file work-v4.cif (mmCIF, C-alpha atoms)
data_upload
#
loop_
_atom_site.label_atom_id
_atom_site.label_comp_id
_atom_site.auth_asym_id
_atom_site.auth_seq_id
_atom_site.Cartn_x
_atom_site.Cartn_y
_atom_site.Cartn_z
CA MET A 1154 -20.91 -10.90 47.71
CA ALA A 1155 -22.87 -9.45 44.75
CA LEU A 1156 -22.31 -11.05 41.36
CA LEU A 1157 -20.40 -8.89 38.87
CA PRO A 1158 -22.14 -8.04 35.56
CA VAL A 1159 -20.47 -9.35 32.42
CA ALA A 1160 -19.81 -5.88 30.98
CA ASP A 1161 -18.18 -4.73 34.22
CA ALA A 1162 -15.97 -7.82 34.29
CA ILE A 1163 -14.73 -7.19 30.75
CA GLU A 1164 -14.07 -3.54 31.59
CA LYS A 1165 -12.06 -4.51 34.67
CA ILE A 1166 -10.03 -7.02 32.67
CA GLY A 1167 -9.20 -4.37 30.09
CA ALA A 1168 -8.19 -1.85 32.75
CA ALA A 1169 -5.93 -4.33 34.53
CA ILE A 1170 -3.90 -5.51 31.52
CA ALA A 1171 -1.11 -3.68 29.71
CA PRO A 1172 -0.20 -4.58 26.11
CA LEU A 1173 2.89 -6.65 25.44
CA GLU A 1174 5.95 -5.26 23.70
CA ALA A 1175 6.19 -4.92 19.93
CA GLU A 1176 8.28 -6.92 17.49
CA ARG A 1177 9.12 -6.29 13.84
CA ILE A 1178 8.21 -9.07 11.42
CA PRO A 1179 8.08 -9.49 7.64
CA LEU A 1180 4.88 -8.35 5.95
CA ALA A 1181 4.22 -11.88 4.68
CA GLU A 1182 4.13 -13.21 8.26
CA ALA A 1183 1.88 -10.48 9.73
CA GLY A 1184 -1.52 -12.00 8.92
CA HIS A 1185 -4.00 -11.69 11.82
CA ARG A 1186 -1.43 -9.93 13.99
CA VAL A 1187 -2.15 -6.55 15.62
CA LEU A 1188 -0.35 -3.40 14.50
CA ALA A 1189 1.69 -1.83 17.32
CA ARG A 1190 2.25 1.61 15.76
CA ASP A 1191 0.48 3.87 13.27
CA LEU A 1192 1.62 3.07 9.74
CA ALA A 1193 2.41 5.90 7.34
CA ALA A 1194 2.49 5.49 3.56
CA LEU A 1195 5.94 5.48 1.98
CA ARG A 1196 4.51 6.50 -1.40
CA THR A 1197 1.44 8.05 -3.02
CA GLN A 1198 -1.22 5.77 -4.49
CA PRO A 1199 -1.94 6.11 -7.32
CA PRO A 1200 1.29 8.00 -7.97
CA PHE A 1201 -0.17 9.70 -11.05
CA ASP A 1202 -3.54 10.45 -12.62
CA ALA A 1203 -4.65 7.13 -14.09
CA SER A 1204 -7.48 5.73 -16.14
CA ALA A 1205 -10.17 3.79 -14.28
CA MET A 1206 -11.44 2.13 -17.48
CA ASP A 1207 -10.35 0.87 -20.88
CA GLY A 1208 -11.10 3.53 -23.49
CA TYR A 1209 -9.67 6.72 -24.93
CA ALA A 1210 -8.00 9.70 -23.24
CA LEU A 1211 -8.86 13.03 -24.83
CA ARG A 1212 -9.81 16.64 -24.25
CA ALA A 1213 -13.46 16.84 -23.18
CA GLU A 1214 -14.03 19.95 -25.28
CA ASP A 1215 -13.24 17.91 -28.42
CA ALA A 1216 -16.16 15.55 -27.74
CA ALA A 1217 -18.67 17.85 -26.09
CA LYS A 1218 -20.89 17.33 -29.12
CA VAL A 1219 -21.22 13.87 -30.58
CA PRO A 1220 -20.61 12.06 -32.71
CA ALA A 1221 -17.04 13.38 -32.90
CA GLU A 1222 -14.11 11.91 -34.81
CA LEU A 1223 -10.59 12.13 -33.34
CA LYS A 1224 -7.19 10.96 -34.48
CA VAL A 1225 -5.62 8.19 -32.37
CA ILE A 1226 -1.96 9.17 -31.83
CA GLY A 1227 -0.79 6.40 -29.51
CA GLU A 1228 -1.63 4.26 -26.51
CA ALA A 1229 -1.07 4.20 -22.73
CA PRO A 1230 -1.27 0.69 -21.25
CA ALA A 1231 -0.77 0.06 -17.56
CA GLY A 1232 2.92 0.43 -16.77
CA ARG A 1233 3.83 2.57 -19.78
CA ALA A 1234 2.96 6.22 -20.23
CA PHE A 1235 2.28 7.99 -23.51
CA GLU A 1236 5.10 10.51 -23.58
CA SER A 1237 3.64 13.18 -25.89
CA LYS A 1238 0.88 15.70 -25.32
CA VAL A 1239 -2.72 15.22 -26.45
CA GLY A 1240 -3.72 18.14 -28.63
CA SER A 1241 -6.90 19.38 -30.29
CA GLY A 1242 -8.72 16.65 -32.19
CA GLU A 1243 -6.51 13.89 -30.80
CA ALA A 1244 -7.02 10.87 -28.58
CA VAL A 1245 -4.87 8.18 -26.95
CA ARG A 1246 -5.96 4.56 -26.57
CA ILE A 1247 -5.71 3.93 -22.82
CA PHE A 1248 -6.17 0.92 -20.58
CA THR A 1249 -7.18 0.56 -16.94
CA GLY A 1250 -4.34 1.80 -14.76
CA GLY A 1251 -2.60 3.58 -17.61
CA PRO A 1252 -1.18 7.06 -16.83
CA LEU A 1253 -3.34 9.93 -18.09
CA PRO A 1254 -1.46 11.65 -20.94
CA GLU A 1255 -0.59 15.32 -20.69
CA GLY A 1256 -3.31 17.47 -22.25
CA ALA A 1257 -6.12 14.92 -21.75
CA ASP A 1258 -8.76 15.64 -19.12
CA THR A 1259 -11.27 12.80 -19.55
CA ILE A 1260 -11.68 9.16 -20.50
CA VAL A 1261 -14.39 7.90 -22.84
CA ILE A 1262 -14.94 4.18 -22.33
CA GLN A 1263 -14.45 1.90 -25.32
CA GLU A 1264 -18.12 0.83 -25.31
CA ASP A 1265 -19.02 4.43 -26.26
CA THR A 1266 -16.68 4.53 -29.27
CA GLU A 1267 -16.16 3.05 -32.74
CA ARG A 1268 -12.62 2.51 -34.01
CA SER A 1269 -11.53 2.52 -37.63
CA GLY A 1270 -7.79 2.50 -38.23
CA ASP A 1271 -6.27 5.62 -36.68
CA THR A 1272 -9.66 7.27 -36.19
CA VAL A 1273 -11.97 6.86 -33.21
CA ARG A 1274 -15.59 7.98 -33.36
CA ILE A 1275 -16.90 9.21 -29.99
CA LEU A 1276 -20.57 8.35 -29.50
CA GLU A 1277 -21.13 9.63 -25.95
CA ALA A 1278 -20.54 13.25 -24.95
CA ALA A 1279 -17.34 13.57 -22.89
CA VAL A 1280 -17.42 14.90 -19.32
CA PRO A 1281 -14.27 16.51 -17.85
CA GLY A 1282 -12.63 14.32 -15.20
CA LYS A 1283 -14.74 11.24 -15.90
CA HIS A 1284 -13.18 7.79 -15.31
CA ILE A 1285 -9.95 9.33 -13.99
CA ARG A 1286 -8.33 8.19 -10.73
CA ARG A 1287 -6.49 11.23 -9.45
CA ALA A 1288 -3.02 10.91 -7.95
CA GLY A 1289 -3.36 10.27 -4.21
CA LEU A 1290 -6.97 9.10 -4.50
CA ASP A 1291 -6.19 6.16 -2.18
CA PHE A 1292 -3.48 7.76 -0.03
CA SER A 1293 -0.54 10.16 -0.16
CA GLU A 1294 3.05 9.74 0.99
CA GLY A 1295 3.33 10.36 4.74
CA GLU A 1296 -0.39 9.83 5.36
CA SER A 1297 -1.37 7.44 8.16
CA VAL A 1298 -3.02 4.48 6.43
CA LEU A 1299 -3.41 2.10 9.40
CA LYS A 1300 -3.81 2.91 13.08
CA GLN A 1301 -2.21 1.24 16.06
CA GLY A 1302 -4.43 -1.63 17.18
CA ALA A 1303 -5.55 -2.55 13.65
CA LEU A 1304 -6.08 -6.26 13.14
CA LEU A 1305 -4.07 -7.17 10.06
CA GLY A 1306 -6.51 -9.03 7.88
CA PRO A 1307 -6.22 -9.46 4.09
CA ALA A 1308 -7.30 -5.90 3.23
CA ALA A 1309 -5.03 -4.28 5.84
CA LEU A 1310 -2.02 -6.33 4.70
CA SER A 1311 -2.66 -5.41 1.08
CA LEU A 1312 -2.90 -1.75 2.06
CA ALA A 1313 0.43 -1.98 3.91
CA ALA A 1314 1.98 -3.55 0.82
CA ALA A 1315 0.54 -0.83 -1.44
CA ALA A 1316 2.07 1.74 0.90
CA ASN A 1317 5.42 0.01 0.14
CA HIS A 1318 6.09 -1.61 3.52
CA THR A 1319 7.97 -4.89 3.69
CA ALA A 1320 7.94 -5.29 7.50
CA LEU A 1321 5.53 -4.23 10.25
CA ASP A 1322 5.69 -3.57 13.99
CA VAL A 1323 3.17 -5.84 15.69
CA TYR A 1324 2.44 -6.85 19.26
CA ARG A 1325 4.08 -10.06 20.37
CA ARG A 1326 1.82 -13.10 20.55
CA PRO A 1327 0.77 -13.69 24.17
CA ARG A 1328 1.96 -16.98 25.66
CA VAL A 1329 -0.96 -18.41 27.65
CA ALA A 1330 -0.15 -21.19 30.11
CA PHE A 1331 -3.13 -23.21 31.29
CA PHE A 1332 -3.80 -26.30 33.34
CA ALA A 1333 -6.84 -28.22 34.54
CA THR A 1334 -7.35 -29.15 38.19
CA GLY A 1335 -8.94 -32.20 39.75
CA ASP A 1336 -8.27 -35.78 40.80
CA GLU A 1337 -11.21 -36.85 38.66
CA LEU A 1338 -9.43 -35.97 35.40
CA VAL A 1339 -7.17 -37.98 33.09
CA PRO A 1340 -5.63 -36.81 29.79
CA PRO A 1341 -7.27 -37.79 26.49
CA GLY A 1342 -6.16 -41.25 25.42
CA GLU A 1343 -5.66 -42.52 28.96
CA GLU A 1344 -8.09 -45.02 30.45
CA PRO A 1345 -10.15 -43.31 33.21
CA GLY A 1346 -10.55 -44.98 36.57
CA PRO A 1347 -13.97 -45.94 37.95
CA SER A 1348 -14.64 -42.38 39.19
CA GLN A 1349 -12.73 -40.40 36.59
CA ILE A 1350 -13.46 -38.61 33.31
CA VAL A 1351 -11.37 -37.37 30.38
CA ALA A 1352 -10.10 -33.79 30.63
CA SER A 1353 -11.70 -32.31 27.53
CA THR A 1354 -11.59 -28.52 27.77
CA GLY A 1355 -7.89 -28.04 27.10
CA ALA A 1356 -8.13 -28.90 23.41
CA GLY A 1357 -10.87 -26.34 22.82
CA LEU A 1358 -9.12 -23.74 24.94
CA ALA A 1359 -5.90 -24.12 22.96
CA ALA A 1360 -7.84 -23.62 19.73
CA LEU A 1361 -9.49 -20.47 21.09
CA ILE A 1362 -6.13 -19.08 22.22
CA ARG A 1363 -4.66 -19.60 18.75
CA ARG A 1364 -7.74 -18.04 17.11
CA CYS A 1365 -7.31 -14.96 19.31
CA GLY A 1366 -3.64 -14.58 18.39
CA GLY A 1367 -2.06 -16.28 21.40
CA VAL A 1368 0.32 -19.19 21.88
CA PRO A 1369 -1.17 -21.98 24.05
CA LEU A 1370 1.05 -23.69 26.63
CA ASP A 1371 -0.81 -26.75 27.95
CA LEU A 1372 0.63 -27.75 31.34
CA GLY A 1373 -1.66 -30.72 31.81
CA ILE A 1374 -3.54 -31.55 35.03
CA ALA A 1375 -2.92 -30.44 38.59
CA ARG A 1376 -4.08 -32.84 41.27
CA ASP A 1377 -6.15 -31.73 44.24
CA ASN A 1378 -3.23 -31.09 46.54
CA ARG A 1379 -1.01 -28.16 47.38
CA GLU A 1380 2.19 -29.63 45.94
CA SER A 1381 0.72 -30.32 42.52
CA LEU A 1382 -0.90 -26.89 42.24
CA LEU A 1383 2.31 -25.12 43.24
CA GLU A 1384 4.29 -27.18 40.74
CA LYS A 1385 1.97 -26.09 37.92
CA ALA A 1386 2.06 -22.47 39.07
CA ASP A 1387 5.86 -22.58 39.04
CA ALA A 1388 5.76 -23.86 35.43
CA THR A 1389 3.94 -20.69 34.27
CA LYS A 1390 6.96 -18.42 34.78
CA ASP A 1391 7.64 -18.01 31.06
CA ALA A 1392 4.00 -17.26 30.21
CA ASP A 1393 2.35 -13.87 29.70
CA MET A 1394 -0.97 -15.05 31.15
CA VAL A 1395 -2.14 -17.95 33.31
CA VAL A 1396 -5.48 -19.78 33.02
CA THR A 1397 -6.79 -22.53 35.27
CA LEU A 1398 -9.68 -24.87 34.54
CA GLY A 1399 -11.75 -25.76 37.59
CA GLY A 1400 -10.99 -25.51 41.28
CA ALA A 1401 -12.23 -21.93 41.62
CA SER A 1402 -15.56 -22.65 43.31
CA VAL A 1403 -16.35 -23.00 47.02
CA GLY A 1404 -16.12 -26.75 47.58
CA GLU A 1405 -13.66 -28.33 49.98
CA HIS A 1406 -11.61 -29.65 47.06
CA ASP A 1407 -11.56 -26.34 45.15
CA LEU A 1408 -8.09 -25.24 46.20
CA VAL A 1409 -7.03 -22.68 43.59
CA GLN A 1410 -7.68 -19.50 45.61
CA ASP A 1411 -6.35 -20.97 48.84
CA VAL A 1412 -3.15 -22.49 47.48
CA LEU A 1413 -2.23 -19.95 44.80
CA GLY A 1414 -3.06 -17.10 47.18
CA GLY A 1415 0.15 -18.03 48.98
CA ALA A 1416 2.07 -18.14 45.69
CA GLY A 1417 1.39 -14.60 44.51
CA LEU A 1418 -2.25 -14.77 43.39
CA ASP A 1419 -4.12 -11.49 43.87
CA VAL A 1420 -7.84 -11.87 43.08
CA ALA A 1421 -9.47 -8.76 41.57
CA PHE A 1422 -12.97 -10.23 41.28
CA TRP A 1423 -14.75 -13.54 41.56
CA ARG A 1424 -18.20 -14.75 40.47
CA ILE A 1425 -20.03 -13.32 37.45
CA ALA A 1426 -23.75 -12.66 36.97
CA MET A 1427 -24.02 -15.00 34.00
CA ARG A 1428 -25.18 -18.46 33.05
CA PRO A 1429 -23.26 -20.67 32.40
CA GLY A 1430 -20.06 -19.65 34.15
CA LYS A 1431 -20.78 -17.95 37.46
CA PRO A 1432 -17.65 -19.22 39.32
CA LEU A 1433 -15.11 -17.26 37.27
CA MET A 1434 -12.08 -15.60 38.84
CA PHE A 1435 -9.75 -12.87 37.54
CA GLY A 1436 -6.66 -11.31 39.01
CA ALA A 1437 -2.88 -11.49 38.77
CA LEU A 1438 -0.47 -14.33 39.54
CA SER A 1439 2.97 -12.94 40.32
CA GLY A 1440 2.13 -9.84 38.30
CA LYS A 1441 0.77 -11.53 35.17
CA PRO A 1442 -2.93 -11.74 34.26
CA PHE A 1443 -4.72 -14.72 35.76
CA LEU A 1444 -8.07 -16.17 34.75
CA GLY A 1445 -9.72 -18.97 36.69
CA LEU A 1446 -12.31 -20.63 34.47
CA PRO A 1447 -15.09 -22.90 35.76
CA GLY A 1448 -14.59 -26.65 35.69
CA ASN A 1449 -17.66 -27.56 33.64
CA PRO A 1450 -16.46 -27.65 30.03
CA VAL A 1451 -19.32 -25.63 28.52
CA SER A 1452 -19.04 -22.99 31.23
CA ALA A 1453 -15.29 -22.81 30.72
CA LEU A 1454 -15.50 -22.40 26.95
CA VAL A 1455 -18.30 -19.84 27.08
CA CYS A 1456 -16.35 -17.81 29.64
CA ALA A 1457 -13.23 -18.12 27.51
CA GLU A 1458 -15.17 -16.71 24.54
CA LEU A 1459 -16.01 -13.66 26.63
CA PHE A 1460 -13.20 -13.04 29.08
CA LEU A 1461 -10.10 -14.79 27.77
CA SER A 1462 -10.68 -13.28 24.33
CA ALA A 1463 -11.00 -9.83 25.95
CA ALA A 1464 -7.74 -10.34 27.84
CA LEU A 1465 -5.93 -11.44 24.69
CA MET A 1466 -7.26 -8.42 22.82
CA ARG A 1467 -5.76 -6.15 25.45
CA LEU A 1468 -2.43 -7.98 25.59
CA GLN A 1469 -2.18 -7.31 21.85
CA GLY A 1470 -2.93 -3.61 22.12
CA ARG A 1471 -6.65 -3.66 21.34
CA GLN A 1472 -9.57 -2.61 23.51
CA ALA A 1473 -11.07 -5.38 25.63
CA ALA A 1474 -14.62 -5.85 24.38
CA HIS A 1475 -17.51 -8.25 24.38
CA PRO A 1476 -17.59 -10.32 21.17
CA ARG A 1477 -19.69 -8.76 18.43
CA LEU A 1478 -23.37 -9.69 18.51
CA LEU A 1479 -25.76 -10.14 15.59
CA PRO A 1480 -29.56 -9.81 15.49
CA ALA A 1481 -31.64 -12.95 14.97
CA ARG A 1482 -35.27 -13.91 15.35
CA LEU A 1483 -36.38 -16.51 17.84
CA ALA A 1484 -37.67 -19.78 16.41
CA VAL A 1485 -39.47 -20.53 19.67
CA PRO A 1486 -40.68 -18.39 22.60
CA LEU A 1487 -38.45 -17.76 25.64
CA LYS A 1488 -39.56 -17.14 29.20
CA ALA A 1489 -38.48 -14.11 31.21
CA ASN A 1490 -34.88 -14.16 32.45
CA ASP A 1491 -33.70 -13.90 36.06
CA THR A 1492 -30.87 -11.82 37.55
CA ARG A 1493 -28.03 -13.38 35.52
CA GLN A 1494 -27.09 -12.70 31.89
CA ASP A 1495 -27.92 -15.88 30.01
CA TYR A 1496 -25.91 -17.38 27.14
CA ILE A 1497 -28.24 -19.96 25.60
CA ARG A 1498 -26.86 -22.52 23.17
CA ALA A 1499 -28.91 -22.45 19.99
CA ALA A 1500 -29.00 -23.63 16.40
CA LEU A 1501 -28.63 -20.79 13.89
CA GLU A 1502 -30.19 -20.97 10.44
CA GLU A 1503 -30.96 -18.45 7.71
CA GLU A 1504 -34.59 -18.17 6.63
CA ASP A 1505 -36.05 -15.57 4.24
CA GLY A 1506 -32.92 -13.44 4.49
CA GLU A 1507 -32.90 -13.38 8.31
CA TRP A 1508 -31.12 -15.41 10.96
CA ARG A 1509 -33.32 -17.59 13.16
CA ALA A 1510 -32.09 -18.96 16.48
CA LYS A 1511 -33.58 -22.06 18.08
CA PRO A 1512 -32.42 -22.91 21.63
CA LEU A 1513 -31.24 -26.46 22.19
CA SER A 1514 -33.62 -28.47 24.34
CA VAL A 1515 -30.99 -29.24 27.04
CA GLN A 1516 -28.66 -26.53 28.39
CA ASP A 1517 -26.65 -28.53 30.96
CA SER A 1518 -23.20 -26.97 31.39
CA SER A 1519 -21.42 -30.31 31.14
CA MET A 1520 -22.75 -31.20 27.68
CA LEU A 1521 -20.12 -30.51 25.04
CA SER A 1522 -22.23 -32.24 22.39
CA GLY A 1523 -24.75 -29.42 22.57
CA LEU A 1524 -22.11 -26.70 22.41
CA ALA A 1525 -20.48 -28.39 19.41
CA ARG A 1526 -23.86 -28.45 17.60
CA ALA A 1527 -24.76 -24.89 18.50
CA GLY A 1528 -24.29 -22.21 15.89
CA CYS A 1529 -24.65 -19.36 18.37
CA LEU A 1530 -25.33 -18.28 21.91
CA ILE A 1531 -28.51 -16.28 22.46
CA VAL A 1532 -27.61 -13.47 24.85
CA ARG A 1533 -30.40 -12.66 27.30
CA PRO A 1534 -29.74 -9.66 29.60
CA PRO A 1535 -30.69 -9.84 33.29
CA HIS A 1536 -34.43 -9.38 33.86
CA ALA A 1537 -35.19 -9.69 30.12
CA ALA A 1538 -38.93 -9.97 29.56
CA ALA A 1539 -40.51 -13.03 28.00
CA ALA A 1540 -40.04 -13.10 24.23
CA GLU A 1541 -42.40 -14.54 21.64
CA THR A 1542 -41.53 -16.52 18.52
CA GLY A 1543 -40.18 -14.11 15.92
CA ALA A 1544 -38.88 -11.60 18.46
CA LEU A 1545 -35.47 -10.09 17.75
CA VAL A 1546 -32.64 -11.16 20.07
CA ASN A 1547 -28.88 -10.69 20.05
CA VAL A 1548 -26.75 -13.74 19.32
CA LEU A 1549 -23.04 -14.46 19.60
CA PRO A 1550 -22.08 -16.58 16.56
CA LEU A 1551 -19.86 -19.57 17.29
CA GLU A 1552 -17.20 -20.95 15.00
CA GLY A 1553 -17.92 -24.35 13.51
#
call {"tool": "encode", "arguments": {"input": "work-v4.cif", "output": "structure tokens"}}
result
Amino acid sequence: MALLPVADAIEKIGAAIAPLEAERIPLAEAGHRVLARDLAALRTQPPFDASAMDGYALRAEDAAKVPAELKVIGEAPAGRAFESKVGSGEAVRIFTGGPLPEGADTIVIQEDTERSGDTVRILEAAVPGKHIRRAGLDFSEGESVLKQGALLGPAALSLAAAANHTALDVYRRPRVAFFATGDELVPPGEEPGPSQIVASTGAGLAALIRRCGGVPLDLGIARDNRESLLEKADATKDADMVVTLGGASVGEHDLVQDVLGGAGLDVAFWRIAMRPGKPLMFGALSGKPFLGLPGNPVSALVCAELFLSAALMRLQGRQAAHPRLLPARLAVPLKANDTRQDYIRAALEEEDGEWRAKPLSVQDSSMLSGLARAGCLIVRPPHAAAAETGALVNVLPLEG
């Protein structure tokens, strides 16, 4: 069977998953959630012509030639309008955000004036419309200000608040049930037997799920027997997605496909043209998305960065996509790549205004110490030519 390219795998994951239902939550609780419906403004912003600077509101024709002396007839601070009309030879002291008085058509900033009692001397020729924020400059009532699928970061939440919303419709957080497989594993804190190791990937996987907007449900460890695997599968009934760690390869003790195939697992694809992480499986378990990650911890976490994050994007109404890549220059040369897309753990440092990536000396897929030290993954496409020191490559930044 031919190995599936990474991009094709992400596309297939996106096509196979439908977004979850929406829920309405308070604005203050919507940080980093995903908007489920277009959001229209409930008001116009700004709701009136307003000053963009501290200075004086006046008629531009009265200060077309300078210096010009005008009579100050009042003030317009933010939150309080000057109620009268500005006439010939008059000016109003105005502050940033203050409503533009009737009759005025420009603002002269205070640095270009001299004040003496009720008289202001204009030192810079006035230009009609200068330093005025027109009503609706930001948005108008009824205008769509945020689109469905928008990730609600600080700016988006502030925009929703400015548009006078107190609650938002967002996609429900996906519940992701996961369990490791293998007789060789024990939970952290338990003393391993002579041939056992500590199950380490679950902690990192839970953190990634939370970072991507999901709710992790750690079901522990399934032993290498049919009964234990079926028990764990049965415990995933309340989840929106199921992830397994290990057991998806071709060894005699890799039972996931065999056992879960009789419990409703439908495999859409298996084995990816990438390194690390070739033995990855995707499909559906009893109708819900299923992802079988490799057993090696580095392989599992790298695959989760690519494929689990894409699945969680789609469950929350966004497009499944490869994580964003950044350009960096190689700190050392790299040899030509083979037929698999390579994700090389590397240190990432800034030098002379550019990012420089230096591959770690050992790339073994069991070594979490290297992945924890890495600042990025250098992404090398299949059949990439040899690259010299200083060559530009794409990198996937990793969270510290």
call {"tool": "resolve_selection", "arguments": {"input": "work-v4.cif", "expression": "the PyMOL selection byres ((chain A and resi 1383) around 12)", "output": "VMD selection string"}}
result
chain A and resid 1332 1334 1374 to 1382 1384 to 1390 1408 to 1418 1438
call {"tool": "resolve_selection", "arguments": {"input": "work-v4.cif", "expression": "the PyMOL selection byres ((chain A and resi 1303) around 10)", "output": "compact mmCIF listing (two decimals) with C-alpha atoms, keeping the file's coordinate frame"}}
result
# COMPACT_ATOMS: atom_id res chain seq x y z
CA HIS A 1185 -4.00 -11.69 11.82
CA ARG A 1186 -1.43 -9.93 13.99
CA VAL A 1187 -2.15 -6.55 15.62
CA LEU A 1188 -0.35 -3.40 14.50
CA ALA A 1189 1.69 -1.83 17.32
CA ARG A 1190 2.25 1.61 15.76
CA ASP A 1191 0.48 3.87 13.27
CA LEU A 1192 1.62 3.07 9.74
CA LEU A 1299 -3.41 2.10 9.40
CA LYS A 1300 -3.81 2.91 13.08
CA GLN A 1301 -2.21 1.24 16.06
CA GLY A 1302 -4.43 -1.63 17.18
CA LEU A 1304 -6.08 -6.26 13.14
CA LEU A 1305 -4.07 -7.17 10.06
CA GLY A 1306 -6.51 -9.03 7.88
CA ALA A 1309 -5.03 -4.28 5.84
CA VAL A 1323 3.17 -5.84 15.69
CA GLY A 1470 -2.93 -3.61 22.12
CA ARG A 1471 -6.65 -3.66 21.34
call {"tool": "resolve_selection", "arguments": {"input": "work-v4.cif", "expression": "the PyMOL selection byres ((chain A and resi 1368) around 12)", "output": "PDB file with C-alpha atoms, in the frame of the given file"}}
result
ATOM      1  CA  ARG A1325       4.080 -10.060  20.370  1.00  0.00           C
ATOM      2  CA  ARG A1326       1.820 -13.100  20.550  1.00  0.00           C
ATOM      3  CA  PRO A1327       0.770 -13.690  24.170  1.00  0.00           C
ATOM      4  CA  ARG A1328       1.960 -16.980  25.660  1.00  0.00           C
ATOM      5  CA  VAL A1329      -0.960 -18.410  27.650  1.00  0.00           C
ATOM      6  CA  ALA A1330      -0.150 -21.190  30.110  1.00  0.00           C
ATOM      7  CA  PHE A1331      -3.130 -23.210  31.290  1.00  0.00           C
ATOM      8  CA  LEU A1358      -9.120 -23.740  24.940  1.00  0.00           C
ATOM      9  CA  ALA A1359      -5.900 -24.120  22.960  1.00  0.00           C
ATOM     10  CA  ALA A1360      -7.840 -23.620  19.730  1.00  0.00           C
ATOM     11  CA  LEU A1361      -9.490 -20.470  21.090  1.00  0.00           C
ATOM     12  CA  ILE A1362      -6.130 -19.080  22.220  1.00  0.00           C
ATOM     13  CA  ARG A1363      -4.660 -19.600  18.750  1.00  0.00           C
ATOM     14  CA  ARG A1364      -7.740 -18.040  17.110  1.00  0.00           C
ATOM     15  CA  CYS A1365      -7.310 -14.960  19.310  1.00  0.00           C
ATOM     16  CA  GLY A1366      -3.640 -14.580  18.390  1.00  0.00           C
ATOM     17  CA  GLY A1367      -2.060 -16.280  21.400  1.00  0.00           C
ATOM     18  CA  PRO A1369      -1.170 -21.980  24.050  1.00  0.00           C
ATOM     19  CA  LEU A1370       1.050 -23.690  26.630  1.00  0.00           C
ATOM     20  CA  ASP A1371      -0.810 -26.750  27.950  1.00  0.00           C
ATOM     21  CA  ASP A1391       7.640 -18.010  31.060  1.00  0.00           C
ATOM     22  CA  ALA A1392       4.000 -17.260  30.210  1.00  0.00           C
ATOM     23  CA  ASP A1393       2.350 -13.870  29.700  1.00  0.00           C
ATOM     24  CA  MET A1394      -0.970 -15.050  31.150  1.00  0.00           C
ATOM     25  CA  VAL A1395      -2.140 -17.950  33.310  1.00  0.00           C
ATOM     26  CA  LEU A1465      -5.930 -11.440  24.690  1.00  0.00           C
TER      27      LEU A1465
END
call {"tool": "closest_residue", "arguments": {"input": "work-v4.cif", "among": "A:Thr1197, A:Asn1317, A:Ser1204, A:Thr1397", "to": "Asp1258 of chain A", "atoms": "only C-alpha atoms"}}
result
A:Ser1204
call {"tool": "residues_around", "arguments": {"input": "work-v4.cif", "residues": "Ala1500 of chain A", "least_positions_apart": "4", "cutoff": "8 Å", "atoms": "all atoms listed in the file", "output": "PyMOL selection string"}}
result
chain A and resi 1510-1513+1526-1529
call {"tool": "write_last_selection", "arguments": {"input": "work-v4.cif", "atoms": "C-alpha atoms", "output": "tab-separated table (two decimals), in the frame of the given file"}}
result
chain	number	residue	atom	x	y	z
A	1510	ALA	CA	-32.09	-18.96	16.48
A	1511	LYS	CA	-33.58	-22.06	18.08
A	1512	PRO	CA	-32.42	-22.91	21.63
A	1513	LEU	CA	-31.24	-26.46	22.19
A	1526	ARG	CA	-23.86	-28.45	17.60
A	1527	ALA	CA	-24.76	-24.89	18.50
A	1528	GLY	CA	-24.29	-22.21	15.89
A	1529	CYS	CA	-24.65	-19.36	18.37
call {"tool": "residues_around", "arguments": {"input": "work-v4.cif", "residues": "Ala1320 of chain A", "least_positions_apart": "4", "cutoff": "9 Å", "atoms": "only C-alpha atoms", "output": "PyMOL selection string"}}
result
chain A and resi 1177-1183+1313
call {"tool": "closest_atom_pairs", "arguments": {"input": "work-v4.cif", "of": "segment 1252-1326 of chain A", "to": "segment 1213-1219 of chain A", "cutoff": "7 Å", "atoms": "all atoms listed in the file", "output": "CSV"}}
result
residue,atom,partner,partner_atom,distance
A:Asp1258,CA,A:Ala1213,CA,6.3
A:Thr1259,CA,A:Ala1213,CA,5.9
A:Ile1275,CA,A:Val1219,CA,6.4
A:Leu1276,CA,A:Val1219,CA,5.7
A:Glu1277,CA,A:Val1219,CA,6.3
A:Ala1278,CA,A:Ala1217,CA,5.1
A:Ala1279,CA,A:Ala1213,CA,5.1
A:Val1280,CA,A:Ala1213,CA,5.9
A:Pro1281,CA,A:Ala1213,CA,5.4
call {"tool": "residues_around", "arguments": {"input": "work-v4.cif", "residues": "Val1420 of chain A", "least_positions_apart": "6", "cutoff": "7 Å", "atoms": "only C-alpha atoms", "output": "JSON list (two decimals) with C-alpha atoms, in the coordinates of the input"}}
result
[["chain", "number", "residue", "atom", "x", "y", "z"],
["A", 1435, "PHE", "CA", -9.75, -12.87, 37.54],
["A", 1436, "GLY", "CA", -6.66, -11.31, 39.01],
["A", 1437, "ALA", "CA", -2.88, -11.49, 38.77]]
call {"tool": "closest_residue", "arguments": {"input": "work-v4.cif", "among": "A:Tyr1324, A:Phe1248, A:Phe1235, A:Phe1201", "to": "Ala1171 of chain A", "atoms": "only C-alpha atoms"}}
result
A:Tyr1324
call {"tool": "closest_residue", "arguments": {"input": "work-v4.cif", "among": "A:Leu1444, A:Asn1449, A:Gln1263, A:Phe1292", "to": "Ile1350 of chain A", "atoms": "all atoms listed in the file"}}
result
A:Asn1449
call {"tool": "residues_around", "arguments": {"input": "work-v4.cif", "residues": "Pro1341 of chain A", "least_positions_apart": "4", "cutoff": "10 Å", "atoms": "all atoms listed in the file", "output": "ChimeraX atom specification"}}
result
/A:1345,1350-1353,1355-1356
